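Engineer: One structure is given below, represented as structure tokens, and several questions about it will come after.
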Amino acid sequence: MLGIKMVGEEIQQSILDVLQKEYNLSEGKFCALVVLHQHSETGIAPSDLAEKVGVTRATISNMLQRLERDGLVVIRPAADDGRGKIVFMTEEGAAFMEKILPPHYLRVTRLMEKLSEPEQKELIYLLKKLAL
């Protein structure tokens, strides 16, 4: 278990800590922005965003308040539900993601190219098996 923990921390440091240091982004904010970037045309309900990111609705609510304050997202009423809300990435948010995603994908690619494609699939399979 210690070996898995140490390797996990090394991977996190090489990938996610860069986002924290260079862009002041937590893992949660980054994941939320990635999902929002994927739904840039249609937007996404906060509850669906929370589910995709793997956090509670209260956590996503606080996160969205900070992202909105930073000008990266905007929260609008849902067209078909007067009580519902839809979150959209702003132009500033989209530009921010276009800036940080290419170097992020490069870091992930450099990490994963150490494994063949079958090894990558096996790693994912084994990690999922441990998580169950």
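Labeling convention for the structure tokens: chains A, B, ... as they appear, residues from 1 per chain, ligands from 1 in order of appearance.
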Which residues are near range 81-93 of chain A? Cut-off 8 Å, only C-alpha atoms, ignore same chain within fewer than 2 positions. Put them as a PyMOL selection string.

Structural biologist: chain A and resi 33+36-37+39-46+71-79+95-97

Engineer: Would you list the contacts of range 10-23 of chain A as a list in words, taking every protein, DNA or RNA residue within 8 Å and counting only C-alpha atoms, but skipping same-chain residues closer than 4 positions in sequence?

Structural biologist: Met6, Glu27, Phe30, His104, Arg107 and Val108 of chain A

Engineer: My list of candidates is A:Leu64, A:Met112, A:Ala131, A:Leu106. Which is closest to Ala50 in chain A when distances are computed with only C-alpha atoms?

Structural biologist: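 The shortest atom-to-atom distance to Ala50 in chain A comes from A:Leu64.
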
Engineer: Apply DSSP to the backbone of this structure and, from chain A, keep only the residues in helix (DSSP H, G or I); write these as a PyMOL selection string.

Structural biologist: chain A and resi 2-23+27-38+46-53+57-69+91-112+117-131

Engineer: Can you list, as a count of residues only, every residue of range 24-126 of chain A that DSSP puts in strand (DSSP E or B)?

Structural biologist: 11
